[in-house]
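Asker: Can you keep this structure in mind? I'll have questions shortly.
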Amino acid sequence: MTTTRFAPSPTGYLHLGHAFSALFAAKQGDRFLLRIEDIDPVRCKPEFAEALFEDLSWLGLSWEKPVRFQSQHFEDYRANLEKLRAMDLLYPCFCTRSEILAATHAPHEGETPVYPGTCHRLSKDQREDWMATKPYAWRLNVEKAIKMTGPLSWHDAAKGEQQAKPQIFGDIVLARKDIPASYHLCVVTDDALQNIDLVTRGEDLFDSTHIHRLLQALLDLPTPDYHHHPLCRDAKGWRLAKRDKSVTLRSMREQGRTPEQVRNEVLGLLHT
Ligand SMILES: [Zn+2]
């Protein structure tokens with residue numbers, strides 16, 4: 001019995017790309033769960049969560065209830081953050097966004113810039129001083145974490161056995177200054193709590209899995225199988241995005257298209 005999930009953020013209306021991800025996950029799972037990734041109160045809106053339930057139902061999908069809203073489970077994320085802190089794997093980062101941008105370098109063109117570990121080098125006194133007066137994020141000391149776990153691997157259904165390379169991101173943020181959690185921490189926590197054994201998602205999140213595998217090992221959580229699928233692109237080869245109003249499920253429904261037509265269109269968009 002395989003449990004899968006579709007885990008959108010309610011930051012806009014669902015488009016064809018989301019429809020594909022949701023249909024893909026539902027097809028692979030004997031149990032299919034929906035999870036609302038809404039830890040960011042500025043970008044996420046309850047009305048978009050309502051709209052996505054409506055759109056997914058219209059598309060013919062059903063899921064187990066209750067749906068897990070991440071914004072209601074900060075205590076779960078805090079508990080895992082505390083475990084990592086007790087293992088002395090976290091340090092506070094006081095850098096502002098512009099300080100980070102000025103100090104970072106992208107390893108290769110187009111890659112995510114890696115944080116240079118500035119705050120890891122602060123003296124104990126300086127750190128304690130600033131913790132009392134400045135806002136800070138918690139970063140994972142990835143090098144130390146890797147030494148603790150040793151080499152790790154994970155399995156991707158499309159690409160086979162993968163060696164985890166969590167160091168490609170540098171010391172990632174696990175709790176933000178404004179939000180006491182982060183995408184990586186929440187996903188890993190929830191996938192374990194919800195007994196997800198097959199994580200399906202777009203290949204844009206392939207690299208995140210390196211970090212997720214590391215966090216699973218550190219927190220002693222099971223490692224699901226993964227299936228990263230190609231992203232849907234329009235006729236010009238552009239990746240579908242929320243800004244493309246024309247391809248929202250909502251607008252397609254208003255234009256009189258049937259769920260079946262949309263399902264077929266989604267499958268046709270998949271460039272493998
Ligand atoms: Zn810093």
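So you can find residues: chains in the structure tokens are A, B, ... in the order shown, residues in each start at 1, and ligands are numbered from 1 in order.
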Would you list the residues that come within 6 Å of ligand 1? Count only C-alpha atoms and all ligand atoms and give the answer as a list in words.

Answerer: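 The neighbouring residues of ligand 1 are, in order, Cys93, Phe94, Cys95, Thr118 and Cys119 of chain A.
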
Asker: So that I have them on file, write out the residues from the current selection with C-alpha atoms, as an mmCIF file, in the first residue's frame.

Answerer:
data_model
loop_
_atom_site.group_PDB
_atom_site.id
_atom_site.type_symbol
_atom_site.label_atom_id
_atom_site.label_comp_id
_atom_site.auth_asym_id
_atom_site.auth_seq_id
_atom_site.Cartn_x
_atom_site.Cartn_y
_atom_site.Cartn_z
ATOM 1 C CA CYS A 93 22.160 33.811 11.523
ATOM 2 C CA PHE A 94 21.655 37.543 11.884
ATOM 3 C CA CYS A 95 22.435 38.490 8.292
ATOM 4 C CA THR A 118 29.403 34.330 8.080
ATOM 5 C CA CYS A 119 27.500 33.898 11.362
#

Asker: Could you give me, as a PyMOL selection string, each residue of stretch 40-265 of chain A that DSSP assigns to strand (DSSP E or B) when run on this structure's backbone?

Answerer: chain A and resi 68-69+90-93+105+114-115+137-140+153-156+160-163+170+173-175+198-202+225-229+232-233+239+248

Asker: Could you tell me how far atom CA of A:Trp63 lies from atom CA of A:Gly160, in Å and to one decimal?

Answerer: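 Separation of atom CA of A:Trp63 and atom CA of A:Gly160: 28.4 Å.
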
Asker: Neighbouring residues of stretch 181-192 of chain A were defined as those with any atom within 8 Å, considering only C-alpha atoms; residues of the same chain fewer than 5 positions away were excluded. Please report them as a ChimeraX atom specification.

Answerer: /A:39,70,74,76-78,80-81,173-176,197,208,211-212,215-216,221-222

Asker: Go ahead and save the residues from that selection, with C-alpha atoms, as a tab-separated table (two decimals), in the first residue's frame.

Answerer:
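Now in again-v5.tsv:
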chain	number	residue	atom	x	y	z
A	39	ILE	CA	3.54	28.58	6.75
A	70	GLN	CA	1.10	23.32	7.99
A	74	PHE	CA	4.23	24.76	14.20
A	76	ASP	CA	5.73	19.71	15.35
A	77	TYR	CA	8.34	21.71	13.45
A	78	ARG	CA	9.61	23.33	16.64
A	80	ASN	CA	12.29	18.74	15.36
A	81	LEU	CA	14.18	22.02	15.34
A	173	VAL	CA	17.89	28.01	6.95
A	174	LEU	CA	15.62	25.71	8.99
A	175	ALA	CA	13.75	28.43	10.83
A	176	ARG	CA	13.27	31.84	9.28
A	197	ASP	CA	6.16	6.42	1.41
A	208	SER	CA	15.87	19.71	-2.27
A	211	ILE	CA	18.69	18.17	2.10
A	212	HIS	CA	15.54	16.24	2.96
A	215	LEU	CA	17.29	15.84	7.75
A	216	GLN	CA	15.59	12.42	7.75
A	221	LEU	CA	12.82	9.51	10.24
A	222	PRO	CA	12.05	6.96	7.51

Asker: Any idea what the distance is between atom CA of A:Lys124 and atom CA of A:Lys144?

Answerer: 18.0 Å

Asker: For A:Lys65, which residue among A:Gly17, A:Gln194, A:Asp178, A:Arg43 is the nearest when counting only C-alpha atoms?

Answerer: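 Selected residue with least distance to A:Lys65: A:Gln194.
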
Asker: Of the residues A:His227, A:His210, A:Gly202, A:Tyr115, which is the one nearest to A:Asp156, using only C-alpha atoms?

Answerer: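 Smallest separation from A:Asp156 among the options: A:His227.
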
Asker: Any idea what's packed within 7 Å of A:Tyr226, counting only C-alpha atoms, ignoring anything in its chain fewer than 3 positions away? Could you give it as a list in words?

Answerer: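 Residues near the query, excluding close chain neighbours: His155, Asp156, Ala157, Leu198, Val199 and Thr200 of chain A.
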
Asker: Please, could you write that set of residues out with N, CA, C and O atoms as a PDB file, in the first residue's frame?

Answerer:
ATOM      1  N   HIS A 155      16.319   6.892  -3.342  1.00  0.00           N
ATOM      2  CA  HIS A 155      15.930   6.287  -4.608  1.00  0.00           C
ATOM      3  C   HIS A 155      14.897   7.136  -5.330  1.00  0.00           C
ATOM      4  O   HIS A 155      13.883   7.510  -4.752  1.00  0.00           O
ATOM      5  N   ASP A 156      15.189   7.458  -6.566  1.00  0.00           N
ATOM      6  CA  ASP A 156      14.244   8.182  -7.400  1.00  0.00           C
ATOM      7  C   ASP A 156      13.729   7.232  -8.484  1.00  0.00           C
ATOM      8  O   ASP A 156      14.526   6.591  -9.177  1.00  0.00           O
ATOM      9  N   ALA A 157      12.403   7.164  -8.615  1.00  0.00           N
ATOM     10  CA  ALA A 157      11.808   6.206  -9.558  1.00  0.00           C
ATOM     11  C   ALA A 157      12.212   6.514 -10.999  1.00  0.00           C
ATOM     12  O   ALA A 157      12.289   5.606 -11.834  1.00  0.00           O
ATOM     13  N   LEU A 198       5.815   7.450  -0.761  1.00  0.00           N
ATOM     14  CA  LEU A 198       6.280   7.849  -2.097  1.00  0.00           C
ATOM     15  C   LEU A 198       6.014   9.343  -2.262  1.00  0.00           C
ATOM     16  O   LEU A 198       4.864   9.780  -2.267  1.00  0.00           O
ATOM     17  N   VAL A 199       7.102  10.098  -2.356  1.00  0.00           N
ATOM     18  CA  VAL A 199       6.983  11.542  -2.572  1.00  0.00           C
ATOM     19  C   VAL A 199       7.075  11.787  -4.073  1.00  0.00           C
ATOM     20  O   VAL A 199       8.099  11.496  -4.691  1.00  0.00           O
ATOM     21  N   THR A 200       5.990  12.284  -4.654  1.00  0.00           N
ATOM     22  CA  THR A 200       6.021  12.659  -6.073  1.00  0.00           C
ATOM     23  C   THR A 200       5.973  14.177  -6.136  1.00  0.00           C
ATOM     24  O   THR A 200       5.232  14.826  -5.398  1.00  0.00           O
TER      25      THR A 200
END

Asker: Separation of atom CA of A:Leu90 and atom CA of A:Leu140, in Å?

Answerer: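 About the pair atom CA of A:Leu90 and atom CA of A:Leu140: they are 4.7 Å apart.
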
Asker: When distances are computed from only C-alpha atoms, which of A:Ile196, A:Met131, A:Leu152, A:Ile172 shows the smallest separation from A:Leu33?

Answerer: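 So, comparing all the options, the nearest one is A:Ile196.
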